[in-house]
Structures are given as C-alpha cells and as structure tokens.
>>> print(open('target12.tsv').read())   # TSV, C-alpha atoms and all ligand atoms
chain	number	residue	atom	x	y	z
A	1	MET	CA	44.80	-104.16	19.11
A	2	ALA	CA	45.46	-107.80	18.36
A	3	ASP	CA	43.79	-110.56	20.29
A	4	GLY	CA	45.68	-112.86	22.60
A	5	SER	CA	46.27	-115.50	19.94
A	6	VAL	CA	48.43	-113.15	17.90
A	7	VAL	CA	50.55	-112.17	20.88
A	8	SER	CA	50.90	-115.75	22.14
A	9	THR	CA	52.06	-116.97	18.72
A	10	LEU	CA	54.39	-114.03	18.21
A	11	ARG	CA	57.82	-115.10	17.06
A	12	PRO	CA	61.03	-113.15	17.50
A	13	PRO	CA	62.09	-110.84	14.66
A	14	ILE	CA	64.85	-112.09	12.41
A	15	ALA	CA	66.18	-108.78	11.11
A	16	MET	CA	66.51	-105.15	12.08
A	17	LEU	CA	66.83	-102.28	9.64
A	18	ALA	CA	68.96	-99.68	11.41
A	19	GLU	CA	68.40	-96.35	9.68
A	20	LEU	CA	71.46	-94.68	11.11
A	21	THR	CA	70.87	-91.27	9.53
A	22	HIS	CA	68.71	-89.54	6.96
A	23	ARG	CA	71.72	-87.60	5.67
A	24	CYS	CA	72.50	-88.61	2.08
A	25	PRO	CA	74.46	-87.05	-0.79
A	26	LEU	CA	72.03	-88.47	-3.37
A	27	GLN	CA	68.60	-87.05	-4.15
A	28	CYS	CA	66.66	-89.94	-5.69
A	29	PRO	CA	63.10	-89.02	-6.73
A	30	TYR	CA	61.82	-92.33	-5.27
A	31	CYS	CA	63.50	-91.99	-1.86
A	32	SER	CA	61.75	-94.23	0.66
A	33	ASN	CA	62.63	-92.08	3.66
A	34	PRO	CA	59.72	-90.11	5.16
A	35	LEU	CA	58.84	-86.66	3.82
A	36	ASP	CA	59.89	-85.17	7.14
A	37	LEU	CA	63.63	-86.00	7.37
A	38	GLN	CA	65.20	-86.28	10.81
A	39	ARG	CA	68.03	-83.91	11.67
A	40	ARG	CA	71.54	-84.88	12.68
A	41	SER	CA	71.06	-83.35	16.12
A	42	GLU	CA	68.14	-85.76	16.75
A	43	GLU	CA	70.04	-88.93	15.80
A	44	LEU	CA	70.70	-91.68	18.33
A	45	THR	CA	74.18	-91.49	19.79
A	46	THR	CA	76.80	-94.19	19.34
A	47	GLU	CA	76.06	-95.64	22.76
A	48	GLU	CA	72.31	-95.60	22.09
A	49	TRP	CA	72.80	-97.53	18.82
A	50	CYS	CA	75.10	-100.04	20.53
A	51	ASP	CA	72.47	-100.58	23.23
A	52	VAL	CA	69.76	-101.06	20.57
A	53	ILE	CA	71.97	-103.63	18.85
A	54	ARG	CA	72.53	-105.58	22.07
A	55	GLN	CA	68.80	-105.56	22.79
A	56	ALA	CA	68.05	-106.70	19.22
A	57	ALA	CA	70.36	-109.70	19.57
A	58	ALA	CA	68.78	-110.60	22.92
A	59	LEU	CA	65.37	-110.43	21.25
A	60	GLY	CA	66.42	-112.99	18.64
A	61	VAL	CA	67.47	-110.79	15.72
A	62	MET	CA	70.14	-112.44	13.55
A	63	GLN	CA	70.78	-109.84	10.85
A	64	ILE	CA	71.31	-106.12	10.99
A	65	HIS	CA	70.91	-104.02	7.87
A	66	LEU	CA	72.77	-100.75	8.27
A	67	SER	CA	70.98	-98.21	6.18
A	68	GLY	CA	69.92	-94.60	5.92
A	69	GLY	CA	70.00	-92.16	4.17
A	70	GLU	CA	73.62	-92.97	3.69
A	71	PRO	CA	74.96	-94.94	6.68
A	72	THR	CA	78.59	-94.13	5.87
A	73	ALA	CA	77.78	-90.50	6.70
A	74	ARG	CA	77.95	-91.61	10.36
A	75	SER	CA	81.51	-91.21	11.63
A	76	ASP	CA	80.89	-93.92	14.26
A	77	LEU	CA	79.95	-96.65	11.78
A	78	VAL	CA	83.00	-98.69	12.85
A	79	GLU	CA	81.84	-98.75	16.47
A	80	ILE	CA	78.30	-99.68	15.43
A	81	ILE	CA	79.54	-102.58	13.29
A	82	ALA	CA	81.84	-103.74	16.07
A	83	ALA	CA	78.87	-103.76	18.47
A	84	ALA	CA	76.92	-105.93	16.02
A	85	GLN	CA	79.84	-108.27	15.61
A	86	ALA	CA	80.29	-108.57	19.38
A	87	VAL	CA	76.76	-109.96	19.79
A	88	GLY	CA	76.95	-112.24	16.74
A	89	LEU	CA	74.73	-110.31	14.33
A	90	TYR	CA	75.34	-110.70	10.59
A	91	SER	CA	75.87	-107.16	9.35
A	92	ASN	CA	74.91	-105.87	5.93
A	93	LEU	CA	75.88	-102.36	4.88
A	94	ILE	CA	73.31	-100.86	2.50
A	95	THR	CA	75.10	-98.00	0.84
A	96	SER	CA	75.29	-95.83	-2.26
A	97	GLY	CA	79.06	-96.38	-2.05
A	98	VAL	CA	79.91	-92.80	-2.99
A	99	MET	CA	81.46	-92.00	0.41
A	100	LEU	CA	83.57	-95.17	0.65
A	101	ASP	CA	87.21	-95.70	-0.20
A	102	GLU	CA	89.69	-98.54	0.26
A	103	ALA	CA	90.90	-97.46	3.70
A	104	LYS	CA	87.42	-96.95	5.10
A	105	LEU	CA	86.25	-100.28	3.75
A	106	ALA	CA	89.23	-102.03	5.33
A	107	THR	CA	88.36	-100.46	8.69
A	108	LEU	CA	84.74	-101.57	8.43
A	109	LYS	CA	85.77	-105.09	7.49
A	110	ALA	CA	88.21	-105.26	10.38
A	111	ALA	CA	85.39	-104.23	12.71
A	112	GLY	CA	83.38	-107.24	11.55
A	113	LEU	CA	81.34	-106.13	8.54
A	114	ASP	CA	79.94	-109.24	6.80
A	115	HIS	CA	78.31	-108.02	3.59
A	116	VAL	CA	77.92	-104.94	1.40
A	117	GLN	CA	74.95	-103.97	-0.71
A	118	ILE	CA	75.56	-101.18	-3.21
A	119	SER	CA	72.65	-99.41	-4.83
A	120	PHE	CA	72.94	-98.51	-8.49
A	121	GLN	CA	70.38	-96.25	-10.12
A	122	ASP	CA	70.95	-97.58	-13.67
A	123	SER	CA	73.28	-99.76	-15.74
A	124	ARG	CA	74.62	-96.61	-17.41
A	125	ALA	CA	76.31	-93.57	-15.93
A	126	ALA	CA	74.06	-90.98	-17.60
A	127	GLY	CA	70.84	-92.52	-16.29
A	128	GLY	CA	72.29	-93.31	-12.87
A	129	ASN	CA	73.74	-89.89	-12.24
A	130	LEU	CA	70.54	-88.22	-13.42
A	131	ILE	CA	68.36	-90.19	-10.99
A	132	GLY	CA	70.71	-89.68	-8.04
A	133	ASN	CA	71.42	-86.09	-9.12
A	134	PHE	CA	75.04	-86.77	-8.17
A	135	LYS	CA	77.78	-86.16	-10.70
A	136	GLY	CA	80.27	-89.02	-10.98
A	137	GLY	CA	78.21	-91.22	-8.66
A	138	HIS	CA	77.89	-94.17	-11.04
A	139	GLU	CA	81.61	-94.25	-11.77
A	140	LYS	CA	82.36	-94.15	-8.05
A	141	LYS	CA	79.96	-97.04	-7.42
A	142	LEU	CA	81.74	-99.15	-10.02
A	143	ALA	CA	85.09	-98.47	-8.37
A	144	VAL	CA	83.80	-99.16	-4.85
A	145	SER	CA	82.12	-102.39	-5.94
A	146	LYS	CA	85.51	-103.61	-7.10
A	147	LEU	CA	87.05	-102.61	-3.77
A	148	VAL	CA	84.37	-104.59	-1.95
A	149	ARG	CA	85.15	-107.73	-3.92
A	150	ASP	CA	88.92	-107.17	-3.67
A	151	ALA	CA	88.46	-106.97	0.10
A	152	GLY	CA	86.86	-110.42	-0.01
A	153	LEU	CA	83.42	-109.20	1.04
A	154	PRO	CA	80.26	-110.60	-0.58
A	155	LEU	CA	78.45	-108.04	-2.71
A	156	THR	CA	74.79	-107.48	-3.53
A	157	VAL	CA	73.97	-105.07	-6.33
A	158	ASN	CA	70.63	-103.36	-5.83
A	159	VAL	CA	68.90	-101.56	-8.68
A	160	VAL	CA	65.58	-99.79	-8.27
A	161	VAL	CA	63.74	-100.07	-11.58
A	162	HIS	CA	61.09	-97.91	-13.23
A	163	ARG	CA	60.01	-96.77	-16.69
A	164	GLN	CA	63.25	-94.88	-17.38
A	165	ASN	CA	65.62	-97.84	-16.85
A	166	LEU	CA	63.56	-101.02	-17.04
A	167	ASP	CA	64.32	-101.57	-20.74
A	168	ARG	CA	67.97	-101.99	-19.73
A	169	ILE	CA	67.26	-105.04	-17.58
A	170	GLU	CA	69.68	-107.18	-19.63
A	171	GLU	CA	72.43	-104.63	-19.01
A	172	ILE	CA	71.55	-104.56	-15.32
A	173	VAL	CA	72.10	-108.33	-15.10
A	174	ASP	CA	75.36	-107.96	-17.03
A	175	LEU	CA	76.47	-105.22	-14.65
A	176	ALA	CA	75.97	-107.46	-11.61
A	177	LEU	CA	77.91	-110.27	-13.32
A	178	ALA	CA	80.73	-107.93	-14.32
A	179	LEU	CA	81.02	-106.70	-10.74
A	180	ASP	CA	81.22	-110.30	-9.48
A	181	ALA	CA	78.18	-109.75	-7.29
A	182	HIS	CA	76.71	-112.74	-5.44
A	183	ARG	CA	73.19	-111.34	-5.56
A	184	LEU	CA	71.25	-108.90	-7.70
A	185	GLU	CA	68.21	-107.26	-6.18
A	186	VAL	CA	65.91	-105.77	-8.81
A	187	ALA	CA	63.38	-103.70	-6.90
A	188	HIS	CA	60.45	-101.93	-8.51
A	189	VAL	CA	59.71	-98.49	-7.08
A	190	GLN	CA	57.13	-98.62	-4.32
A	191	TYR	CA	54.72	-95.73	-4.80
A	192	TYR	CA	54.27	-94.14	-1.40
A	193	GLY	CA	56.06	-91.22	0.23
A	194	TRP	CA	58.36	-89.27	-2.10
A	195	ALA	CA	57.94	-91.74	-4.98
A	196	LEU	CA	54.24	-90.95	-5.17
A	197	THR	CA	55.14	-87.37	-6.17
A	198	ASN	CA	57.19	-88.73	-9.09
A	199	ARG	CA	54.93	-91.60	-10.04
A	200	ALA	CA	54.05	-90.22	-13.49
A	201	SER	CA	57.76	-90.07	-14.39
A	202	LEU	CA	58.53	-93.54	-13.06
A	203	MET	CA	55.56	-95.81	-13.69
A	204	PRO	CA	56.49	-98.59	-16.16
A	205	SER	CA	54.12	-100.04	-18.73
A	206	ARG	CA	52.81	-103.57	-18.51
A	207	ALA	CA	54.80	-104.46	-21.65
A	208	GLN	CA	58.02	-103.28	-19.99
A	209	VAL	CA	57.25	-105.29	-16.85
A	210	ASP	CA	56.42	-108.42	-18.85
A	211	HIS	CA	59.67	-108.12	-20.78
A	212	ALA	CA	61.71	-107.61	-17.61
A	213	THR	CA	60.07	-110.61	-15.95
A	214	GLU	CA	61.00	-112.83	-18.90
A	215	VAL	CA	64.59	-111.57	-18.92
A	216	VAL	CA	64.97	-112.17	-15.18
A	217	GLU	CA	63.54	-115.68	-15.38
A	218	ALA	CA	65.94	-116.59	-18.19
A	219	ALA	CA	68.90	-115.00	-16.36
A	220	ARG	CA	68.09	-116.89	-13.17
A	221	LYS	CA	68.37	-120.17	-15.05
A	222	GLU	CA	71.45	-119.19	-17.01
A	223	HIS	CA	73.42	-117.90	-14.01
A	224	ARG	CA	72.21	-120.32	-11.31
A	225	GLY	CA	74.98	-120.98	-8.82
A	226	ARG	CA	76.81	-117.81	-9.79
A	227	LEU	CA	74.30	-114.97	-9.36
A	228	ALA	CA	71.08	-115.07	-7.32
A	229	ILE	CA	68.45	-112.63	-8.54
A	230	ASP	CA	65.70	-111.23	-6.30
A	231	TYR	CA	62.82	-109.86	-8.31
A	232	VAL	CA	59.16	-109.37	-7.51
A	233	VAL	CA	56.61	-108.45	-10.19
A	234	PRO	CA	55.20	-105.03	-9.25
A	235	ASP	CA	51.79	-105.49	-7.78
A	236	TYR	CA	50.21	-102.73	-9.86
A	237	TYR	CA	50.07	-105.28	-12.64
A	238	ALA	CA	49.51	-108.38	-10.54
A	239	ARG	CA	46.15	-109.92	-9.67
A	240	TYR	CA	46.74	-110.09	-5.95
A	241	PRO	CA	49.09	-108.04	-3.78
A	242	LYS	CA	52.24	-109.28	-2.17
A	243	LYS	CA	52.51	-110.15	1.50
A	244	CYS	CA	54.30	-106.95	2.29
A	245	MET	CA	57.17	-107.21	4.78
A	246	ASP	CA	56.06	-110.85	5.27
A	247	GLY	CA	53.40	-109.30	7.46
A	248	TRP	CA	53.31	-106.13	9.51
A	249	GLY	CA	55.58	-106.47	12.56
A	250	SER	CA	56.09	-110.13	11.76
A	251	GLN	CA	59.75	-110.75	10.92
A	252	TYR	CA	61.41	-107.37	10.68
A	253	PHE	CA	61.41	-103.99	12.30
A	254	ALA	CA	63.15	-100.71	11.61
A	255	VAL	CA	64.67	-98.15	13.94
A	256	THR	CA	64.77	-94.59	12.59
A	257	PRO	CA	67.64	-92.14	13.10
A	258	ARG	CA	65.98	-90.61	16.15
A	259	GLY	CA	64.99	-93.98	17.60
A	260	ARG	CA	61.40	-94.57	16.57
A	261	MET	CA	60.80	-98.31	16.23
A	262	LEU	CA	58.65	-99.16	13.20
A	263	PRO	CA	56.89	-102.39	12.16
A	264	CYS	CA	57.69	-101.51	8.54
A	265	HIS	CA	60.41	-99.21	7.23
A	266	ALA	CA	57.84	-96.99	5.48
A	267	ALA	CA	55.29	-96.96	8.29
A	268	GLU	CA	55.90	-93.25	9.01
A	269	THR	CA	54.34	-92.46	5.62
A	270	ILE	CA	51.05	-93.37	7.33
A	271	THR	CA	50.23	-90.12	9.05
A	272	GLY	CA	48.53	-89.80	12.41
A	273	LEU	CA	50.20	-92.85	13.98
A	274	ASP	CA	52.26	-92.75	17.13
A	275	PHE	CA	55.45	-94.79	16.99
A	276	PRO	CA	57.25	-95.83	20.18
A	277	SER	CA	60.79	-94.70	20.91
A	278	VAL	CA	63.68	-96.94	21.88
A	279	ARG	CA	64.71	-94.06	24.15
A	280	GLU	CA	61.63	-94.70	26.28
A	281	GLU	CA	60.90	-98.43	26.01
A	282	SER	CA	62.89	-101.59	25.42
A	283	LEU	CA	62.83	-103.30	22.03
A	284	ALA	CA	61.25	-106.38	23.63
A	285	GLU	CA	58.43	-104.32	25.14
A	286	ILE	CA	57.73	-102.60	21.83
A	287	TRP	CA	57.92	-105.77	19.74
A	288	ALA	CA	55.43	-107.65	21.92
A	289	GLY	CA	53.24	-104.93	23.33
A	290	ALA	CA	53.20	-101.71	21.31
A	291	GLU	CA	49.73	-100.95	19.99
A	292	ILE	CA	51.05	-99.93	16.58
A	293	PHE	CA	52.96	-103.21	16.16
A	294	ASN	CA	49.85	-105.23	17.00
A	295	ARG	CA	47.41	-103.14	14.99
A	296	PHE	CA	47.87	-104.97	11.65
A	297	ARG	CA	49.14	-108.32	12.89
A	298	GLY	CA	47.07	-111.37	12.03
A	299	THR	CA	43.72	-110.89	10.26
A	300	ASP	CA	41.36	-109.54	12.94
A	301	TRP	CA	41.83	-105.93	11.82
A	302	MET	CA	40.64	-106.60	8.27
A	303	ALA	CA	37.54	-105.12	6.67
A	304	GLU	CA	35.79	-106.50	3.61
A	305	PRO	CA	36.65	-107.76	1.06
A	306	CYS	CA	39.74	-109.11	2.86
A	307	ARG	CA	37.87	-110.26	5.97
A	308	SER	CA	36.00	-113.04	4.18
A	309	CYS	CA	38.57	-113.66	1.43
A	310	GLU	CA	40.17	-117.09	1.03
A	311	HIS	CA	43.56	-115.43	0.37
A	312	ARG	CA	43.69	-113.41	3.58
A	313	GLU	CA	46.30	-115.57	5.32
A	314	ARG	CA	48.44	-115.73	2.19
A	315	ASP	CA	48.84	-112.00	1.49
A	316	LEU	CA	47.49	-110.42	4.70
A	317	GLY	CA	45.64	-107.81	2.66
A	318	GLY	CA	48.76	-106.48	0.93
A	319	CYS	CA	50.68	-103.36	1.86
A	320	ARG	CA	49.38	-101.05	4.60
A	321	CYS	CA	51.55	-98.16	3.41
A	322	GLN	CA	50.30	-98.42	-0.16
A	323	ALA	CA	46.70	-98.78	1.03
A	324	PHE	CA	47.08	-95.54	3.00
A	325	ALA	CA	48.88	-93.71	0.18
A	326	LEU	CA	46.17	-94.53	-2.34
A	327	THR	CA	42.99	-94.55	-0.24
A	328	GLY	CA	43.82	-92.51	2.88
A	329	ASP	CA	42.86	-95.56	4.98
A	330	ALA	CA	45.56	-97.89	6.28
A	331	THR	CA	42.97	-100.59	7.03
A	332	ALA	CA	41.72	-100.71	3.44
A	333	THR	CA	42.40	-103.60	1.09
A	334	ASP	CA	45.56	-102.78	-0.84
A	335	PRO	CA	44.30	-101.27	-4.15
A	336	ALA	CA	46.85	-103.49	-5.92
A	337	CYS	CA	44.38	-106.31	-5.30
A	338	SER	CA	41.94	-106.91	-8.15
A	339	LEU	CA	39.18	-107.36	-5.53
A	340	SER	CA	39.70	-103.86	-4.07
A	341	PRO	CA	37.03	-101.31	-4.98
A	342	HIS	CA	39.94	-98.93	-5.78
A	343	HIS	CA	41.76	-101.32	-8.09
A	344	ALA	CA	40.28	-100.24	-11.42
A	345	GLU	CA	41.08	-96.60	-10.72
A	346	MET	CA	44.62	-97.45	-9.66
A	347	LEU	CA	45.26	-99.57	-12.73
A	348	ALA	CA	43.84	-96.90	-15.06
A	349	THR	CA	46.06	-94.28	-13.43
A	350	ALA	CA	49.11	-96.53	-13.74
A	351	GLN	CA	48.44	-97.20	-17.42
A	352	ALA	CA	47.83	-93.53	-18.17
A	353	GLU	CA	51.01	-92.49	-16.33
A	354	ALA	CA	53.05	-95.18	-18.07
A	355	ASP	CA	52.09	-93.51	-21.35
A	356	SER	CA	52.99	-89.99	-20.18
A	357	GLY	CA	55.95	-88.20	-21.74
A	358	ASP	CA	59.47	-87.33	-20.64
A	359	PRO	CA	60.28	-87.44	-16.95
A	360	GLU	CA	60.31	-84.35	-14.79
A	361	TYR	CA	61.94	-85.42	-11.57
A	362	ILE	CA	61.21	-83.68	-8.33
A	363	TYR	CA	64.36	-84.52	-6.41
A	364	ARG	CA	64.56	-85.42	-2.76
A	365	ARG	CA	66.63	-82.60	-1.25
B	1	LIG	FE1	44.31	-110.45	-0.41
B	1	LIG	FE2	42.37	-108.89	0.59
B	1	LIG	FE3	42.70	-109.10	-2.04
B	1	LIG	FE4	41.75	-111.18	-0.66
B	1	LIG	S1	40.73	-109.18	-0.93
B	1	LIG	S2	43.32	-111.27	-2.27
B	1	LIG	S3	42.92	-110.95	1.27
B	1	LIG	S4	44.17	-108.22	-0.56
B	2	LIG	FE1	54.78	-100.67	4.78
B	2	LIG	FE2	54.10	-102.38	2.83
B	2	LIG	S1	55.70	-100.87	2.82
B	2	LIG	S2	53.39	-102.34	4.90
>>> encode(input="target12.tsv", output="structure tokens", more="lines below")
Ligand code: SF4
Ligand code: FES
Amino acid sequence: MADGSVVSTLRPPIAMLAELTHRCPLQCPYCSNPLDLQRRSEELTTEEWCDVIRQAAALGVMQIHLSGGEPTARSDLVEIIAAAQAVGLYSNLITSGVMLDEAKLATLKAAGLDHVQISFQDSRAAGGNLIGNFKGGHEKKLAVSKLVRDAGLPLTVNVVVHRQNLDRIEEIVDLALALDAHRLEVAHVQYYGWALTNRASLMPSRAQVDHATEVVEAARKEHRGRLAIDYVVPDYYARYPKKCMDGWGSQYFAVTPRGRMLPCHAAETITGLDFPSVREESLAEIWAGAEIFNRFRGTDWMAEPCRSCEHRERDLGGCRCQAFALTGDATATDPACSLSPHHAEMLATAQAEADSGDPEYIYRR
C-alpha cells in the first residue's frame, strides 16, 4: 500500500484503454491479451461501457483508446463512440482493420470517431499474413487504410517488430508514408504473456536493433512535419529499463472486456493479484483507493538495488509485468536493468535466442 504522500499527489489519469472484447480474427504469436481470454457472455454491456466512459471523463480522462481483441467485433461500437463523443473524449480506434469497410467507417465517423490506428504485422503481405495467421489480412489493411484517409480521419500505422521483420524497417517507414499516415508506431514485442512462449522465434539480435534505430533516427529527420515516428529501443539491449506505462497507475488505466480495471494493460499477466471490477466500484474509487493501483506507485515498494539507486525516480524500477515474467516476483528490479542480478542471464538468453533458427510460431487461438 502506498503512503499518504503518493495518494495526496495523485493526479487524474489522462487516458483509458477500453478493451471492448477479446474476440479477434487474428492469431498473433505475440498477443498481449492475457492467457485466459474472456468470453463474449462475460463482456460489459453497452450501457455498462457508456457508464464507464462517463465516469472516465468525470475523473479527468481526455483520450479513450478503443481496443481489444478486435474492437470492431462489438456490434455496439457506434454507441460506445457516441458516448465518448458526448462527454468530450478524443477517441482512437485501435484495430486490425480486417472487419472494416467504407460504410462501417462512415458510421463510426458520424458517431464522433476522431482517429484510427491500424496494426500491420509486416511491410509485406507474406510476412504479415503469416504472423496474423489470416489470409488476405495485409491486403485488407492496405485497402482500409486508404478508406480511413479518404474519410478524412487521421491515421496511425502500428507495426510490432521482431527478428522476422525488423530488417524491413525501411520498407515499414515507406509503407506508412505511402498510406499517408500521420504517425508510425514501431513497437518492439514485449516478452510477457503469450509472447514469452514465442520469444525464441521473435527475439531480434543487437545488430538488427542497432540498424533499426539508425534507420528510424534518419527517417525522423527526413520526414519531420510529415510523419511522426514513435520508437523505443527494446530494453533487452539497453542499459537501464524504460519507465513502463509512465509509472504503474500513473497516467493510464485499462478496463478489460468483463470490467476489471487495471493499472497497466498487461497487469493480468501477473498471477495471484486481485483486480477490482467497475461493476462493483466506481472508477474514481478504484483509481485513488484500490490496493493494486497503489501497490507499485511511487518508490516505497522497491527492494534493492532499486531502493537506493539514483535512477529510481527516472525509471521507477522498469516494468512490473516483465519483472514478474522473468523472475516470478513483481517487486523485483526489471531484469532489463544492467544492475539487476538477473540481467546477465536475461541478456545471454536473448542473444542465444536471437541466433536460433527458423521460427515456429505458436499461434494465439
Ligand atoms: Fe532503475 Fe532499479 Fe535499475 Fe536503478 S536498479 S536503474 S532504479 S531499474
Ligand atoms: Fe505492465 Fe510494464 S507492461 S508494468
């Protein structure tokens, strides 16, 4: 539990990730949804989501990210977007695009949708359709991206990168430019949950990462003002970890399909924790008072070496989900940190896996 100083300095969240459903036609081997997918019958109803959205706005949230699974699998997406629009939230639809068409997009825009983010699995159809295990998916994404821009909506292209596609980073930048995207998000796979199972097939080498970093830095300069590029060097090869989620329960929260409110979208990969339900408590009560939200806020919870480290305010000990995935202890220093007693083992594993042979994907079904 956090001390009073953390609670008294608590600021309102700025964004909510609304995981509307875990249903999804794709089967990516790095899916970030929990291993135990929630069933359709458990999902929050339309009215429950609209109530959550109204509470989020009252709490101070300014952006809603509509995600999943595949959020367009919800037949009430129009009503949910309209509810967000009615309380002044900026809405971003995070979608694979494969279930969208021109008419549906027009309906969503008319309801108030502000922005669309389409996830690509590769710059090329063969690689993309293999990762998603969805025939024709890449081609459909290209077509839907054009529809998004033709509808006058801003577009972000998101590409999750790993050993099998990272050498095509130049093509990935070109793809975003060709689609007239405003933003390109290049996201390295995070190795917890389902992705941990496929780590040996996905782990890039340091040389690949270094090359990609150079390409992105050059592209940022070349396309400034036309294409913004989000890219974070994967912390496996960094000296210190990143400040994950800008701090646990600090600026964002997620609501799962059945209404669990999480301080981090991947928090359910940490087993043995009890997450509060928006069906039983208000968002404001959970944000300020839930034990699990306060558990890793601030620095009081830290053990050594973080506790006495000069960097503790800067990175807050790294990622709690990764620490749990790799050490079994969510309070441990993130092994991505070079000061962690687990770092050498993690780095050796990463380097060995990066040299392993052809991929054998275990798909998320
Ligand atoms: Fe950050 Fe902890 Fe590593 Fe220090 S020891 S750099 S606080 S993760
Ligand atoms: Fe959960 Fe980093 S992904 S704290």
>>> atom_distance(input="target12.tsv", atom1="atom CA of Leu273 of chain A", atom2="atom CA of Pro341 of chain A")
24.6 Å
>>> atom_distance(input="target12.tsv", atom1="atom CA of Gln121 of chain A", atom2="atom CA of His188 of chain A")
11.6 Å
>>> residues_near_ligand(input="target12.tsv", ligand="ligand LIG 2 (chain B)", cutoff="6 Å", atoms="all atoms listed in the file", output="VMD selection string")
chain A and resid 244 248 264 266 to 267 319 to 321
>>> write_last_selection(input="target12.tsv", atoms="C-alpha atoms", output="PDB file, in the frame of the given file")
ATOM      1  CA  CYS A 244      54.300-106.950   2.290  1.00  0.00           C
ATOM      2  CA  TRP A 248      53.310-106.130   9.510  1.00  0.00           C
ATOM      3  CA  CYS A 264      57.690-101.510   8.540  1.00  0.00           C
ATOM      4  CA  ALA A 266      57.840 -96.990   5.480  1.00  0.00           C
ATOM      5  CA  ALA A 267      55.290 -96.960   8.290  1.00  0.00           C
ATOM      6  CA  CYS A 319      50.680-103.360   1.860  1.00  0.00           C
ATOM      7  CA  ARG A 320      49.380-101.050   4.600  1.00  0.00           C
ATOM      8  CA  CYS A 321      51.550 -98.160   3.410  1.00  0.00           C
TER       9      CYS A 321
END
>>> residues_around(input="target12.tsv", residues="Ala219 of chain A", least_positions_apart="5", cutoff="10 Å", atoms="all atoms listed in the file", output="PyMOL selection string")
chain A and resi 170+173-174+213-214+224+227-229
>>> write_last_selection(input="target12.tsv", atoms="C-alpha atoms", output="PDB file, in the frame of the given file")
ATOM      1  CA  GLU A 170      69.680-107.180 -19.630  1.00  0.00           C
ATOM      2  CA  VAL A 173      72.100-108.330 -15.100  1.00  0.00           C
ATOM      3  CA  ASP A 174      75.360-107.960 -17.030  1.00  0.00           C
ATOM      4  CA  THR A 213      60.070-110.610 -15.950  1.00  0.00           C
ATOM      5  CA  GLU A 214      61.000-112.830 -18.900  1.00  0.00           C
ATOM      6  CA  ARG A 224      72.210-120.320 -11.310  1.00  0.00           C
ATOM      7  CA  LEU A 227      74.300-114.970  -9.360  1.00  0.00           C
ATOM      8  CA  ALA A 228      71.080-115.070  -7.320  1.00  0.00           C
ATOM      9  CA  ILE A 229      68.450-112.630  -8.540  1.00  0.00           C
TER      10      ILE A 229
END
>>> residues_around(input="target12.tsv", residues="Asp334 of chain A", least_positions_apart="5", cutoff="12 Å", atoms="only C-alpha atoms", output="ChimeraX atom specification")
/A:235-236,238-244,302-306,312,315-329,339-343,346
>>> residues_around(input="target12.tsv", residues="Leu44 of chain A", least_positions_apart="2", cutoff="10 Å", atoms="only C-alpha atoms", output="list in words")
Leu20, Thr21, Arg40, Ser41, Glu42, Thr46, Glu47, Glu48, Trp49, Cys50, Val52, Val255, Thr256, Pro257, Arg258, Gly259, Arg260, Val278 and Arg279 of chain A
>>> closest_residue(input="target12.tsv", among="A:Arg297, A:Arg220, A:His211, A:Arg206", to="Asp246 of chain A", atoms="only C-alpha atoms")
A:Arg297
>>> residues_around(input="target12.tsv", residues="Asp210 of chain A", least_positions_apart="5", cutoff="12 Å", atoms="all atoms listed in the file", output="ChimeraX atom specification")
/A:166-167,169,204-205,215-217,232-234,237-238
>>> residues_around(input="target12.tsv", residues="segment 151-162 of chain A", least_positions_apart="4", cutoff="9 Å", atoms="all atoms listed in the file", output="JSON, numbers by chain")
{"A": [30, 102, 105, 106, 109, 113, 114, 115, 116, 117, 118, 119, 120, 121, 122, 123, 145, 146, 147, 166, 167, 169, 172, 175, 176, 179, 180, 181, 182, 183, 184, 185, 186, 187, 188, 189, 201, 202, 203, 204]}
>>> closest_residue(input="target12.tsv", among="A:Asn33, A:Gln85, A:Ser308, A:Gln55", to="ligand LIG 1 (chain B)", atoms="only C-alpha atoms and all ligand atoms")
A:Ser308
>>> closest_residue(input="target12.tsv", among="A:Ala332, A:Ala18, A:Ala56, A:Ile270", to="ligand LIG 1 (chain B)", atoms="all atoms listed in the file")
A:Ala332
>>> closest_residue(input="target12.tsv", among="A:Leu10, A:Ala178, A:Leu93, A:Ala336", to="ligand LIG 1 (chain B)", atoms="all atoms listed in the file")
A:Ala336
>>> axis_aligned_box(input="target12.tsv", around="segment 315-333 of chain A", padding_each_side="4 Å", output="AutoDock Vina command-line options")
--center_x 46.6 --center_y -102.3 --center_z 2.3 --size_x 17.8 --size_y 27.5 --size_z 17.4
>>> atom_distance(input="target12.tsv", atom1="atom CA of Leu89 of chain A", atom2="atom CA of Arg54 of chain A")
9.3 Å
>>> closest_residue(input="target12.tsv", among="A:Arg74, A:His311, A:Arg295, A:His22", to="ligand LIG 1 (chain B)", atoms="all atoms listed in the file")
A:His311
>>> closest_residue(input="target12.tsv", among="A:Tyr231, A:Tyr363, A:Tyr90, A:Trp301", to="ligand LIG 1 (chain B)", atoms="all atoms listed in the file")
A:Trp301
>>> decode(input="target12.tsv", residues="segment 140-157 of chain A", atoms="C-alpha atoms", output="PDB file, in the first residue's frame")
ATOM      1  CA  LYS A 140      -7.382  -5.729 -46.493  1.00  0.00           C
ATOM      2  CA  LYS A 141      -5.398  -3.473 -44.158  1.00  0.00           C
ATOM      3  CA  LEU A 142      -3.969  -1.583 -47.124  1.00  0.00           C
ATOM      4  CA  ALA A 143      -7.453  -1.030 -48.519  1.00  0.00           C
ATOM      5  CA  VAL A 144      -8.929   0.037 -45.172  1.00  0.00           C
ATOM      6  CA  SER A 145      -6.055   2.435 -44.505  1.00  0.00           C
ATOM      7  CA  LYS A 146      -6.952   4.203 -47.742  1.00  0.00           C
ATOM      8  CA  LEU A 147     -10.602   4.339 -46.698  1.00  0.00           C
ATOM      9  CA  VAL A 148      -9.584   5.920 -43.390  1.00  0.00           C
ATOM     10  CA  ARG A 149      -7.652   8.674 -45.146  1.00  0.00           C
ATOM     11  CA  ASP A 150     -10.362   9.139 -47.792  1.00  0.00           C
ATOM     12  CA  ALA A 151     -12.818   9.633 -44.935  1.00  0.00           C
ATOM     13  CA  GLY A 152     -10.624  12.463 -43.659  1.00  0.00           C
ATOM     14  CA  LEU A 153      -9.616  10.672 -40.470  1.00  0.00           C
ATOM     15  CA  PRO A 154      -6.040  10.851 -39.152  1.00  0.00           C
ATOM     16  CA  LEU A 155      -4.225   7.534 -39.355  1.00  0.00           C
ATOM     17  CA  THR A 156      -1.545   5.906 -37.235  1.00  0.00           C
ATOM     18  CA  VAL A 157       0.179   2.832 -38.615  1.00  0.00           C
TER      19      VAL A 157
END
